[in-house]
$ cat query.cif   # mmCIF, C-alpha atoms
data_target
loop_
_atom_site.label_atom_id
_atom_site.label_comp_id
_atom_site.auth_asym_id
_atom_site.auth_seq_id
_atom_site.Cartn_x
_atom_site.Cartn_y
_atom_site.Cartn_z
CA MET A 1 34.66 -277.88 -11.15
CA ALA A 2 32.41 -279.39 -8.47
CA ILE A 3 28.71 -278.54 -8.56
CA ASN A 4 27.40 -277.32 -5.22
CA ALA A 5 23.86 -276.74 -3.93
CA PRO A 6 22.30 -273.51 -5.27
CA GLU A 7 22.92 -270.38 -3.23
CA GLY A 8 20.40 -270.07 -0.42
CA THR A 9 19.70 -273.79 -0.26
CA ARG A 10 21.33 -276.51 1.79
CA ASP A 11 21.26 -280.25 2.26
CA LEU A 12 19.65 -281.80 5.31
CA LEU A 13 22.27 -284.40 6.19
CA PRO A 14 21.19 -287.56 8.05
CA ASP A 15 21.22 -286.17 11.62
CA GLU A 16 19.18 -283.09 10.68
CA ALA A 17 16.95 -285.01 8.27
CA LEU A 18 16.12 -287.39 11.10
CA PHE A 19 15.25 -284.44 13.33
CA TRP A 20 13.08 -282.92 10.56
CA ASN A 21 11.12 -286.19 10.44
CA GLN A 22 10.75 -286.14 14.23
CA PHE A 23 9.78 -282.46 14.08
CA LYS A 24 6.95 -283.25 11.65
CA GLN A 25 5.86 -286.23 13.72
CA THR A 26 5.72 -284.10 16.88
CA ALA A 27 3.61 -281.53 14.99
CA ALA A 28 1.23 -284.26 13.85
CA GLU A 29 0.89 -285.52 17.44
CA VAL A 30 0.38 -282.10 19.05
CA PHE A 31 -1.87 -280.62 16.37
CA GLY A 32 -3.74 -283.92 16.01
CA THR A 33 -5.04 -283.62 19.58
CA TYR A 34 -6.76 -280.41 18.43
CA GLY A 35 -8.38 -282.16 15.47
CA TYR A 36 -5.99 -281.09 12.68
CA LEU A 37 -5.59 -283.51 9.75
CA PRO A 38 -2.80 -283.64 7.13
CA ILE A 39 -3.06 -282.12 3.67
CA GLU A 40 -0.50 -282.10 0.84
CA THR A 41 -0.70 -279.38 -1.83
CA PRO A 42 1.51 -278.91 -4.93
CA ILE A 43 4.85 -277.16 -4.56
CA MET A 44 3.87 -275.14 -7.64
CA GLU A 45 0.66 -273.12 -7.96
CA GLN A 46 -0.65 -270.68 -10.53
CA THR A 47 1.13 -267.37 -9.97
CA GLU A 48 -2.23 -265.61 -9.87
CA LEU A 49 -3.12 -267.45 -6.65
CA PHE A 50 -0.30 -265.72 -4.78
CA VAL A 51 -0.88 -262.35 -6.47
CA ARG A 52 -4.54 -262.34 -5.42
CA GLY A 53 -4.12 -264.15 -2.13
CA ILE A 54 -0.95 -262.68 -0.63
CA GLY A 55 -1.08 -259.24 -2.24
CA GLU A 56 0.75 -257.75 -5.23
CA ALA A 57 2.37 -255.04 -3.09
CA THR A 58 3.98 -257.46 -0.66
CA ASP A 59 7.71 -258.14 -0.87
CA VAL A 60 6.90 -261.84 -1.24
CA VAL A 61 4.99 -261.34 -4.50
CA SER A 62 6.78 -258.30 -5.90
CA LYS A 63 10.36 -259.39 -5.22
CA GLU A 64 10.75 -262.90 -3.85
CA MET A 65 8.71 -265.43 -5.84
CA PHE A 66 10.39 -267.98 -8.10
CA THR A 67 8.26 -268.17 -11.25
CA ALA A 68 8.50 -271.21 -13.51
CA ILE A 69 7.42 -271.78 -17.10
CA SER A 70 8.12 -274.66 -19.44
CA GLY A 71 10.98 -274.55 -21.91
CA GLU A 72 8.56 -274.38 -24.85
CA ASN A 73 6.61 -271.48 -23.35
CA LEU A 74 9.89 -269.68 -22.69
CA ARG A 75 10.95 -270.17 -26.31
CA ARG A 76 7.65 -268.80 -27.61
CA TRP A 77 7.89 -265.84 -25.29
CA VAL A 78 11.43 -264.98 -26.33
CA GLU A 79 11.26 -265.82 -30.04
CA GLU A 80 7.63 -265.04 -30.87
CA GLY A 81 6.64 -262.58 -28.16
CA LYS A 82 3.75 -264.80 -27.04
CA ALA A 83 3.42 -264.50 -23.27
CA PRO A 84 2.31 -267.70 -21.52
CA LYS A 85 -1.36 -267.97 -20.61
CA ALA A 86 -2.31 -267.40 -17.00
CA LYS A 87 -2.67 -271.14 -16.33
CA SER A 88 0.88 -271.70 -17.57
CA ARG A 89 2.41 -269.10 -15.27
CA LEU A 90 3.44 -271.07 -12.23
CA SER A 91 5.33 -270.11 -9.09
CA LEU A 92 7.05 -272.15 -6.42
CA ARG A 93 5.03 -271.65 -3.26
CA PRO A 94 6.49 -268.90 -1.03
CA GLU A 95 4.14 -269.88 1.82
CA GLY A 96 1.55 -272.57 2.52
CA THR A 97 -1.70 -270.78 3.35
CA ALA A 98 -2.80 -269.71 -0.13
CA GLY A 99 -2.43 -273.24 -1.53
CA VAL A 100 -4.37 -274.81 1.33
CA VAL A 101 -7.18 -272.27 1.01
CA ARG A 102 -7.25 -272.90 -2.75
CA ALA A 103 -7.60 -276.64 -2.07
CA VAL A 104 -10.41 -276.04 0.45
CA VAL A 105 -12.30 -273.92 -2.09
CA GLN A 106 -11.64 -276.23 -5.04
CA HIS A 107 -12.77 -279.37 -3.22
CA ASP A 108 -15.52 -277.70 -1.16
CA LEU A 109 -14.09 -278.97 2.13
CA VAL A 110 -16.28 -276.57 4.12
CA PRO A 111 -19.86 -276.92 2.81
CA GLN A 112 -22.30 -274.40 4.25
CA GLY A 113 -23.24 -275.40 7.77
CA ALA A 114 -20.38 -277.91 8.07
CA ALA A 115 -17.80 -278.11 10.83
CA PRO A 116 -14.56 -276.19 10.22
CA ALA A 117 -11.82 -277.82 8.15
CA LYS A 118 -8.74 -278.17 10.35
CA LEU A 119 -5.69 -278.93 8.22
CA MET A 120 -1.92 -279.15 8.75
CA TYR A 121 0.97 -279.34 6.30
CA ALA A 122 4.75 -279.67 6.28
CA GLY A 123 7.23 -279.13 3.49
CA PRO A 124 9.54 -276.82 1.56
CA MET A 125 8.78 -273.17 0.66
CA PHE A 126 10.74 -270.93 -1.70
CA ARG A 127 11.63 -267.22 -1.63
CA ALA A 128 14.28 -265.37 -3.63
CA GLU A 129 15.69 -263.58 -0.61
CA ARG A 130 19.23 -262.59 0.25
CA PRO A 131 20.55 -265.66 2.12
CA GLN A 132 21.50 -265.00 5.73
CA LYS A 133 21.36 -266.70 9.09
CA GLY A 134 17.85 -268.05 9.60
CA ARG A 135 16.73 -267.11 6.08
CA GLN A 136 17.18 -269.37 3.04
CA ARG A 137 15.77 -269.47 -0.47
CA GLN A 138 14.45 -272.96 0.16
CA PHE A 139 13.26 -273.57 3.71
CA ASN A 140 10.95 -275.94 5.52
CA GLN A 141 7.74 -275.01 7.28
CA VAL A 142 5.06 -276.68 9.34
CA GLY A 143 1.70 -274.94 9.37
CA VAL A 144 -1.97 -275.25 10.19
CA GLU A 145 -5.08 -273.71 8.68
CA CYS A 146 -8.61 -273.67 10.12
CA LEU A 147 -11.33 -272.69 7.64
CA GLY A 148 -14.96 -272.11 8.54
CA ALA A 149 -14.90 -270.69 12.09
CA GLU A 150 -14.73 -267.04 13.15
CA GLU A 151 -15.02 -267.38 16.92
CA PRO A 152 -12.15 -266.03 19.05
CA THR A 153 -11.82 -269.46 20.65
CA ILE A 154 -10.22 -270.68 17.39
CA ASP A 155 -7.66 -267.86 17.59
CA ALA A 156 -6.77 -268.61 21.21
CA GLU A 157 -6.73 -272.37 20.58
CA ALA A 158 -4.23 -271.98 17.73
CA ILE A 159 -1.92 -269.75 19.77
CA ILE A 160 -1.98 -272.13 22.74
CA MET A 161 -1.34 -275.07 20.40
CA LEU A 162 1.62 -273.29 18.82
CA MET A 163 3.25 -272.55 22.18
CA ARG A 164 2.74 -276.13 23.37
CA PHE A 165 4.40 -277.41 20.20
CA TYR A 166 7.47 -275.23 20.76
CA GLU A 167 7.77 -276.49 24.32
CA LYS A 168 7.30 -280.09 23.13
CA VAL A 169 10.25 -279.87 20.72
CA GLY A 170 12.42 -278.41 23.48
CA ILE A 171 12.48 -274.62 23.09
CA PRO A 172 12.44 -273.18 26.63
CA ARG A 173 9.34 -271.11 27.31
CA ASP A 174 11.31 -268.32 28.94
CA SER A 175 13.42 -267.88 25.79
CA MET A 176 10.36 -267.02 23.66
CA ARG A 177 8.26 -263.87 23.34
CA LEU A 178 4.70 -264.09 22.05
CA LEU A 179 3.56 -260.88 20.33
CA LEU A 180 -0.12 -260.15 19.74
CA ASN A 181 -2.08 -257.53 17.80
CA SER A 182 -5.30 -256.97 15.86
CA MET A 183 -5.32 -255.85 12.23
CA GLY A 184 -8.99 -254.84 12.28
CA CYS A 185 -11.41 -255.70 9.48
CA GLU A 186 -12.78 -254.22 6.26
CA GLN A 187 -15.04 -251.97 8.33
CA CYS A 188 -12.39 -250.24 10.44
CA ARG A 189 -9.06 -250.86 8.71
CA PRO A 190 -9.59 -248.61 5.62
CA ALA A 191 -10.06 -245.52 7.81
CA TYR A 192 -7.04 -246.50 9.89
CA ARG A 193 -4.90 -247.07 6.80
CA GLU A 194 -5.81 -243.58 5.64
CA LEU A 195 -4.73 -242.15 9.00
CA VAL A 196 -1.37 -243.89 8.65
CA ARG A 197 -0.98 -242.73 5.05
CA VAL A 198 -1.64 -239.10 6.04
CA TYR A 199 0.84 -239.44 8.91
CA MET A 200 3.46 -240.83 6.52
CA ASP A 201 2.88 -238.01 4.04
CA GLU A 202 3.50 -235.54 6.86
CA HIS A 203 6.87 -237.25 7.49
CA ALA A 204 7.72 -238.00 3.85
CA ASP A 205 11.12 -236.33 4.06
CA GLU A 206 12.09 -238.56 7.01
CA LEU A 207 10.98 -241.94 5.60
CA CYS A 208 12.80 -244.10 3.06
CA ASP A 209 11.67 -244.41 -0.56
CA THR A 210 10.39 -247.95 0.01
CA CYS A 211 8.11 -246.79 2.82
CA MET A 212 6.74 -243.94 0.71
CA THR A 213 6.02 -246.37 -2.11
CA ARG A 214 4.18 -248.59 0.36
CA ALA A 215 2.23 -245.55 1.58
CA GLU A 216 0.24 -245.52 -1.65
CA VAL A 217 -0.46 -249.26 -1.77
CA ASN A 218 -0.44 -250.58 1.81
CA PRO A 219 0.89 -248.05 4.35
CA LEU A 220 0.68 -250.60 7.19
CA ARG A 221 3.67 -252.40 5.69
CA ALA A 222 5.81 -249.42 6.77
CA PHE A 223 5.63 -250.79 10.33
CA ASP A 224 7.79 -253.67 9.04
CA CYS A 225 10.60 -251.44 7.75
CA LYS A 226 13.99 -252.35 9.24
CA ASN A 227 15.44 -248.87 8.67
CA PRO A 228 16.08 -247.48 12.21
CA GLN A 229 14.97 -243.97 11.27
CA CYS A 230 11.74 -245.24 9.70
CA ALA A 231 11.09 -247.40 12.76
CA ALA A 232 11.52 -244.35 15.01
CA ILE A 233 9.09 -242.29 12.91
CA MET A 234 6.50 -245.08 12.70
CA ALA A 235 6.66 -245.56 16.48
CA ASP A 236 4.59 -242.38 16.81
CA ALA A 237 2.10 -243.30 14.06
CA PRO A 238 -1.58 -243.89 14.96
CA LYS A 239 -2.12 -247.26 16.65
CA ILE A 240 -4.57 -249.76 15.14
CA THR A 241 -5.86 -250.77 18.57
CA ASP A 242 -7.10 -247.20 19.09
CA HIS A 243 -9.22 -247.39 15.94
CA LEU A 244 -10.86 -250.83 16.00
CA CYS A 245 -14.59 -251.10 15.38
CA ASP A 246 -16.76 -252.48 18.19
CA GLU A 247 -16.81 -256.03 16.76
CA CYS A 248 -13.04 -256.17 16.25
CA ARG A 249 -12.44 -254.74 19.71
CA GLU A 250 -14.77 -257.34 21.24
CA HIS A 251 -13.05 -260.14 19.28
CA TYR A 252 -9.56 -258.99 20.31
CA ASP A 253 -10.54 -258.63 23.96
CA ALA A 254 -12.05 -262.13 23.91
CA VAL A 255 -8.84 -263.65 22.53
CA LYS A 256 -6.78 -261.96 25.24
CA THR A 257 -9.20 -263.10 27.95
CA LEU A 258 -8.94 -266.71 26.75
CA LEU A 259 -5.13 -266.55 26.66
CA ASP A 260 -5.06 -265.02 30.14
CA GLY A 261 -7.27 -267.83 31.40
CA ALA A 262 -4.92 -270.42 29.90
CA GLY A 263 -1.90 -268.80 31.54
CA VAL A 264 -0.31 -267.85 28.21
CA VAL A 265 2.00 -264.84 28.57
CA TYR A 266 1.99 -262.40 25.63
CA GLU A 267 2.99 -258.86 24.73
CA GLU A 268 0.71 -256.54 22.79
CA ASP A 269 2.60 -254.99 19.86
CA TYR A 270 0.66 -252.47 17.77
CA LYS A 271 3.48 -252.52 15.17
CA LEU A 272 2.96 -256.21 14.44
CA VAL A 273 1.34 -256.40 11.00
CA ARG A 274 3.03 -259.53 9.61
CA GLY A 275 4.20 -259.44 6.00
CA LEU A 276 1.15 -260.53 4.03
CA ASP A 277 -1.93 -258.57 2.97
CA TYR A 278 -4.54 -261.22 3.72
CA TYR A 279 -4.50 -260.89 7.53
CA THR A 280 -7.56 -259.56 9.40
CA ARG A 281 -8.14 -259.15 13.12
CA THR A 282 -5.84 -261.36 15.22
CA VAL A 283 -2.15 -261.59 14.27
CA PHE A 284 0.60 -263.12 16.38
CA GLU A 285 4.30 -263.91 16.19
CA VAL A 286 6.78 -265.85 18.32
CA GLN A 287 10.31 -264.47 18.61
CA VAL A 288 13.52 -265.78 20.14
CA ASP A 289 16.28 -263.32 20.96
CA ASN A 290 19.22 -265.72 21.26
CA GLY A 291 21.00 -267.38 18.35
CA MET A 292 18.84 -265.91 15.59
CA GLY A 293 20.64 -262.79 14.36
CA ALA A 294 18.40 -260.15 12.79
CA GLN A 295 15.71 -262.68 11.83
CA ASN A 296 14.39 -263.59 15.26
CA ALA A 297 10.86 -264.76 14.41
CA ILE A 298 10.43 -268.54 14.57
CA GLY A 299 6.74 -268.61 13.64
CA GLY A 300 3.48 -266.75 13.58
CA GLY A 301 0.19 -266.25 11.82
CA GLY A 302 -3.24 -264.82 12.19
CA ARG A 303 -6.79 -264.59 10.93
CA TYR A 304 -7.64 -264.17 7.22
CA ASP A 305 -11.41 -263.97 6.92
CA LYS A 306 -11.44 -262.71 3.30
CA LEU A 307 -8.83 -264.94 1.68
CA ALA A 308 -11.26 -267.64 0.49
CA GLU A 309 -13.20 -264.99 -1.42
CA GLU A 310 -9.99 -263.61 -2.93
CA VAL A 311 -9.25 -267.00 -4.52
CA GLY A 312 -12.80 -267.44 -5.83
CA GLY A 313 -14.64 -269.16 -2.99
CA ARG A 314 -17.64 -268.27 -0.88
CA PRO A 315 -17.12 -266.18 2.27
CA THR A 316 -15.24 -268.49 4.67
CA PRO A 317 -13.43 -267.23 7.76
CA GLY A 318 -9.98 -268.64 8.33
CA LEU A 319 -7.01 -268.65 10.66
CA GLY A 320 -3.59 -270.24 10.48
CA PHE A 321 0.07 -270.11 11.38
CA ALA A 322 3.39 -271.39 10.07
CA LEU A 323 6.67 -272.05 11.81
CA GLY A 324 10.09 -272.38 10.27
CA PHE A 325 12.04 -275.57 10.89
CA GLU A 326 15.48 -274.04 10.27
CA ARG A 327 14.78 -271.15 12.61
CA CYS A 328 13.58 -273.55 15.31
CA VAL A 329 16.85 -275.46 14.91
CA LEU A 330 18.78 -272.23 15.55
CA ALA A 331 16.64 -271.52 18.63
CA LEU A 332 17.24 -275.05 19.94
CA GLU A 333 20.98 -274.80 19.36
CA ALA A 334 21.05 -271.47 21.25
CA ALA A 335 19.23 -273.19 24.12
CA GLY A 336 21.86 -275.95 24.22
CA VAL A 337 19.53 -278.74 23.09
CA GLU A 338 21.34 -281.81 21.73
CA PHE A 339 19.91 -283.34 18.58
CA PRO A 340 19.51 -287.10 18.13
CA ARG A 341 22.12 -288.93 16.08
CA ALA A 342 20.82 -290.42 12.88
CA GLN A 343 23.05 -293.46 13.17
CA ARG A 344 21.55 -296.22 15.30
CA CYS A 345 22.52 -299.88 15.16
CA ASP A 346 21.14 -302.62 17.39
CA LEU A 347 23.51 -305.32 16.15
CA PHE A 348 26.63 -305.59 14.01
CA VAL A 349 27.45 -309.08 12.72
CA ALA A 350 31.22 -309.51 12.34
CA CYS A 351 32.74 -312.27 10.20
CA VAL A 352 36.02 -313.89 11.21
CA ASP A 353 36.62 -314.97 7.59
CA ASP A 354 34.85 -315.44 4.27
CA SER A 355 33.72 -319.00 5.02
CA VAL A 356 30.98 -317.76 7.36
CA ARG A 357 29.82 -314.75 5.28
CA ALA A 358 26.74 -316.47 3.82
CA ARG A 359 25.46 -317.51 7.28
CA ALA A 360 26.27 -314.05 8.66
CA PHE A 361 24.31 -312.48 5.81
CA ALA A 362 21.33 -314.71 6.63
CA LEU A 363 21.55 -313.78 10.34
CA VAL A 364 21.52 -310.09 9.42
CA GLN A 365 18.30 -310.58 7.44
CA GLU A 366 16.67 -312.55 10.30
CA CYS A 367 17.39 -309.73 12.74
CA ARG A 368 16.14 -307.06 10.33
CA ASP A 369 12.95 -309.03 9.72
CA ALA A 370 12.42 -309.00 13.49
CA GLY A 371 12.66 -305.19 13.49
CA PHE A 372 16.24 -304.68 14.64
CA THR A 373 18.62 -302.30 12.88
CA THR A 374 21.42 -304.63 11.84
CA GLU A 375 24.61 -304.13 9.82
CA MET A 376 27.58 -306.16 8.61
CA ASP A 377 30.82 -305.51 6.75
CA HIS A 378 30.59 -305.56 2.93
CA GLN A 379 34.25 -304.83 2.18
CA LYS A 380 36.06 -307.84 3.67
CA ARG A 381 37.68 -305.85 6.48
CA SER A 382 39.76 -307.50 9.18
CA LEU A 383 37.98 -308.43 12.41
CA LYS A 384 39.68 -305.52 14.18
CA SER A 385 38.49 -303.11 11.49
CA GLN A 386 34.98 -304.53 11.70
CA PHE A 387 34.89 -303.71 15.41
CA LYS A 388 35.99 -300.14 14.60
CA LEU A 389 33.20 -299.90 12.03
CA ALA A 390 30.67 -301.25 14.53
CA ASP A 391 31.78 -298.61 17.02
CA LYS A 392 31.49 -295.87 14.37
CA LEU A 393 27.96 -297.03 13.56
CA GLY A 394 27.03 -296.88 17.23
CA ALA A 395 26.30 -300.59 17.43
CA ALA A 396 24.92 -301.64 20.79
CA ARG A 397 26.12 -305.24 20.30
CA VAL A 398 28.42 -307.19 18.01
CA ALA A 399 27.83 -310.83 17.10
CA VAL A 400 31.11 -312.49 16.12
CA LEU A 401 30.73 -315.44 13.77
CA GLY A 402 33.72 -317.61 12.85
CA PRO A 403 34.24 -321.21 11.67
CA ASP A 404 34.32 -322.51 15.26
CA GLU A 405 31.13 -320.65 16.18
CA LEU A 406 29.42 -321.81 13.00
CA ASP A 407 30.31 -325.47 13.72
CA ALA A 408 28.88 -325.06 17.24
CA GLY A 409 25.77 -323.29 15.90
CA GLU A 410 26.38 -320.15 17.96
CA VAL A 411 27.84 -316.64 17.98
CA THR A 412 29.88 -314.68 20.47
CA LEU A 413 27.67 -311.74 21.45
CA ARG A 414 29.53 -308.72 22.86
CA ASP A 415 27.84 -305.81 24.64
CA MET A 416 29.73 -302.77 23.36
CA ALA A 417 28.94 -300.68 26.44
CA THR A 418 30.01 -303.17 29.12
CA HIS A 419 32.41 -305.22 26.96
CA THR A 420 30.92 -308.42 28.38
CA GLU A 421 30.62 -311.45 26.10
CA ALA A 422 28.37 -314.50 26.00
CA LYS A 423 27.81 -317.47 23.72
CA VAL A 424 24.35 -317.42 22.15
CA ARG A 425 22.74 -320.02 19.89
CA LEU A 426 22.24 -318.74 16.33
CA GLU A 427 18.51 -319.40 16.52
CA GLU A 428 18.31 -317.45 19.80
CA VAL A 429 20.07 -314.24 18.69
CA VAL A 430 16.81 -312.46 17.81
CA GLY A 431 15.25 -313.38 21.15
CA GLU A 432 18.37 -312.32 23.03
CA LEU A 433 18.29 -308.91 21.31
CA GLY A 434 14.67 -308.47 22.32
CA ARG A 435 15.37 -309.39 25.95
CA ALA A 436 18.38 -307.05 26.05
CA ILE A 437 16.36 -304.10 24.75
CA LEU A 438 13.52 -304.80 27.18
#

$ encode --input "query.cif" --output "structure tokens"
Amino acid sequence: MAINAPEGTRDLLPDEALFWNQFKQTAAEVFGTYGYLPIETPIMEQTELFVRGIGEATDVVSKEMFTAISGENLRRWVEEGKAPKAKSRLSLRPEGTAGVVRAVVQHDLVPQGAAPAKLMYAGPMFRAERPQKGRQRQFNQVGVECLGAEEPTIDAEAIIMLMRFYEKVGIPRDSMRLLLNSMGCEQCRPAYRELVRVYMDEHADELCDTCMTRAEVNPLRAFDCKNPQCAAIMADAPKITDHLCDECREHYDAVKTLLDGAGVVYEEDYKLVRGLDYYTRTVFEVQVDNGMGAQNAIGGGGRYDKLAEEVGGRPTPGLGFALGFERCVLALEAAGVEFPRAQRCDLFVACVDDSVRARAFALVQECRDAGFTTEMDHQKRSLKSQFKLADKLGAARVAVLGPDELDAGEVTLRDMATHTEAKVRLEEVVGELGRAIL
């Protein structure tokens, strides 16, 4: 029986893997102009980091994390009843922010009085979700985190940067909706959460069991419920924007003013709470309605001014966002964008017979050393079959080398697009390729 990829995972075959590399490179170019530098954190972190950072009541922590322990620790747990120590309880990262903030705290990347740390990452994340269109158990994200600045200019800058990235990779601006909200802070949010909890208690017989469970831990998560009846009830719940403190109101208004000045179109959505507990003040999400199914968000983020303290650091304001590669691919496909082919070949060297194979092999190496993608046949195909292979590889040119050409010190160089041929000296093939490309 053949072994397939685990459910909820998939292989990135060459064409898509090439686009993933280009996707990351575009992110590095766009975000780099705003001062963001790369960071790589482990795929596994201590489970406690996500429990404290993301929130124990979130679906991510309570239902979706993949937890890993060593075989020996598992044996001791099962046979001897000895639970692994906290440091041995590891989880595959379900998102990137907590790990980056942990790294900033651990390595003191934002000393007091220093400039903010602007960091970007790209890589796989893991959630034990029910696989569906746009949602996998292993998926790829690109994200940024800015630690050490609380000004609304950082919020607006990140949102503008995110929208420019989407446009750069080819997602049409008019196919996207940017949603914006404020989650308040520790001064105004507790009173608002209590208002929502009381409202939910008054409608307990109309809300699902999951929402009522959330009402006791984090009632704001009920705004995320996909149950149509719950959504209708929560539509009349108190709105956070009506209960912001003066500082949060001023911050939110400043962000909107900056976005207005930059010509960024957005929609205010008081129901937007995102799925993680660490958010404060500004939250935002980008959605695409075509080609996405039920999961129409392609990215989003917000401010998390208390997260550094939650993972053991000093008070350090922060803001970040993440965007899903696979969901962006769906959005691009819906927009009719054609992806680049992975296969590219500048030159295919075809051998008429075995007597010229050694010289053909040397010519291939010379062209590769000069920076040209070059291939040859390794299975002793006929000349006709070699031309078919060259065409399949997308070769721009084919250099035919036979005994007569070798004796004359030349090749027959064919342009595969125009089908024109010319005799070229062996020592001039590299130069001819360069001139042709120029």

$ residues_around --input "query.cif" --residues "Gly263 (chain A)" --least-positions-apart "6" --cutoff "12 Å" --atoms "all atoms listed in the file" --output "list in words"
Ala156, Ile159, Ile160, Met163, Arg164, Lys256 and Thr257 of chain A

$ write_last_selection --input "query.cif" --atoms "C-alpha atoms" --output "mmCIF file, in the coordinates of the input"
data_model
loop_
_atom_site.group_PDB
_atom_site.id
_atom_site.type_symbol
_atom_site.label_atom_id
_atom_site.label_comp_id
_atom_site.auth_asym_id
_atom_site.auth_seq_id
_atom_site.Cartn_x
_atom_site.Cartn_y
_atom_site.Cartn_z
ATOM 1 C CA ALA A 156 -6.770 -268.610 21.210
ATOM 2 C CA ILE A 159 -1.920 -269.750 19.770
ATOM 3 C CA ILE A 160 -1.980 -272.130 22.740
ATOM 4 C CA MET A 163 3.250 -272.550 22.180
ATOM 5 C CA ARG A 164 2.740 -276.130 23.370
ATOM 6 C CA LYS A 256 -6.780 -261.960 25.240
ATOM 7 C CA THR A 257 -9.200 -263.100 27.950
#

$ resolve_selection --input "query.cif" --expression "the PyMOL selection byres ((chain A and resi 242) around 12)" --output "list in words"
Asn181, Ser182, Met183, Gly184, Cys188, Arg189, Ala191, Tyr192, Leu195, Ala237, Pro238, Lys239, Ile240, Thr241, His243, Leu244, Cys245, Asp246, Cys248, Arg249 and Tyr270 of chain A

$ write_last_selection --input "query.cif" --atoms "C-alpha atoms" --output "JSON list (two decimals), keeping the file's coordinate frame"
[["chain", "number", "residue", "atom", "x", "y", "z"],
["A", 181, "ASN", "CA", -2.08, -257.53, 17.80],
["A", 182, "SER", "CA", -5.30, -256.97, 15.86],
["A", 183, "MET", "CA", -5.32, -255.85, 12.23],
["A", 184, "GLY", "CA", -8.99, -254.84, 12.28],
["A", 188, "CYS", "CA", -12.39, -250.24, 10.44],
["A", 189, "ARG", "CA", -9.06, -250.86, 8.71],
["A", 191, "ALA", "CA", -10.06, -245.52, 7.81],
["A", 192, "TYR", "CA", -7.04, -246.50, 9.89],
["A", 195, "LEU", "CA", -4.73, -242.15, 9.00],
["A", 237, "ALA", "CA", 2.10, -243.30, 14.06],
["A", 238, "PRO", "CA", -1.58, -243.89, 14.96],
["A", 239, "LYS", "CA", -2.12, -247.26, 16.65],
["A", 240, "ILE", "CA", -4.57, -249.76, 15.14],
["A", 241, "THR", "CA", -5.86, -250.77, 18.57],
["A", 243, "HIS", "CA", -9.22, -247.39, 15.94],
["A", 244, "LEU", "CA", -10.86, -250.83, 16.00],
["A", 245, "CYS", "CA", -14.59, -251.10, 15.38],
["A", 246, "ASP", "CA", -16.76, -252.48, 18.19],
["A", 248, "CYS", "CA", -13.04, -256.17, 16.25],
["A", 249, "ARG", "CA", -12.44, -254.74, 19.71],
["A", 270, "TYR", "CA", 0.66, -252.47, 17.77]]

$ closest_residue --input "query.cif" --among "A:Ala262, A:Val329, A:Met120, A:Val400" --to "Val356 (chain A)" --atoms "all atoms listed in the file"
A:Val400

$ resolve_selection --input "query.cif" --expression "the PyMOL selection byres ((chain A and resi 45) around 7)" --output "CSV table (one decimal) with C-alpha atoms, in the coordinates of the input"
chain,number,residue,atom,x,y,z
A,42,PRO,CA,1.5,-278.9,-4.9
A,43,ILE,CA,4.8,-277.2,-4.6
A,44,MET,CA,3.9,-275.1,-7.6
A,46,GLN,CA,-0.6,-270.7,-10.5
A,47,THR,CA,1.1,-267.4,-10.0
A,49,LEU,CA,-3.1,-267.4,-6.6
A,90,LEU,CA,3.4,-271.1,-12.2
A,91,SER,CA,5.3,-270.1,-9.1
A,92,LEU,CA,7.0,-272.2,-6.4
A,93,ARG,CA,5.0,-271.6,-3.3

$ closest_residue --input "query.cif" --among "A:Ile154, A:Ala115, A:Cys328, A:Ile69" --to "Trp20 (chain A)" --atoms "all atoms listed in the file"
A:Cys328

$ closest_residue --input "query.cif" --among "A:Val352, A:Val60, A:Leu389, A:Cys367" --to "Met125 (chain A)" --atoms "only C-alpha atoms"
A:Val60

$ residues_around --input "query.cif" --residues "Ala231 (chain A)" --least-positions-apart "6" --cutoff "10 Å" --atoms "only C-alpha atoms" --output "MDAnalysis selection string"
chainID A and resid 207 222:225 237 271
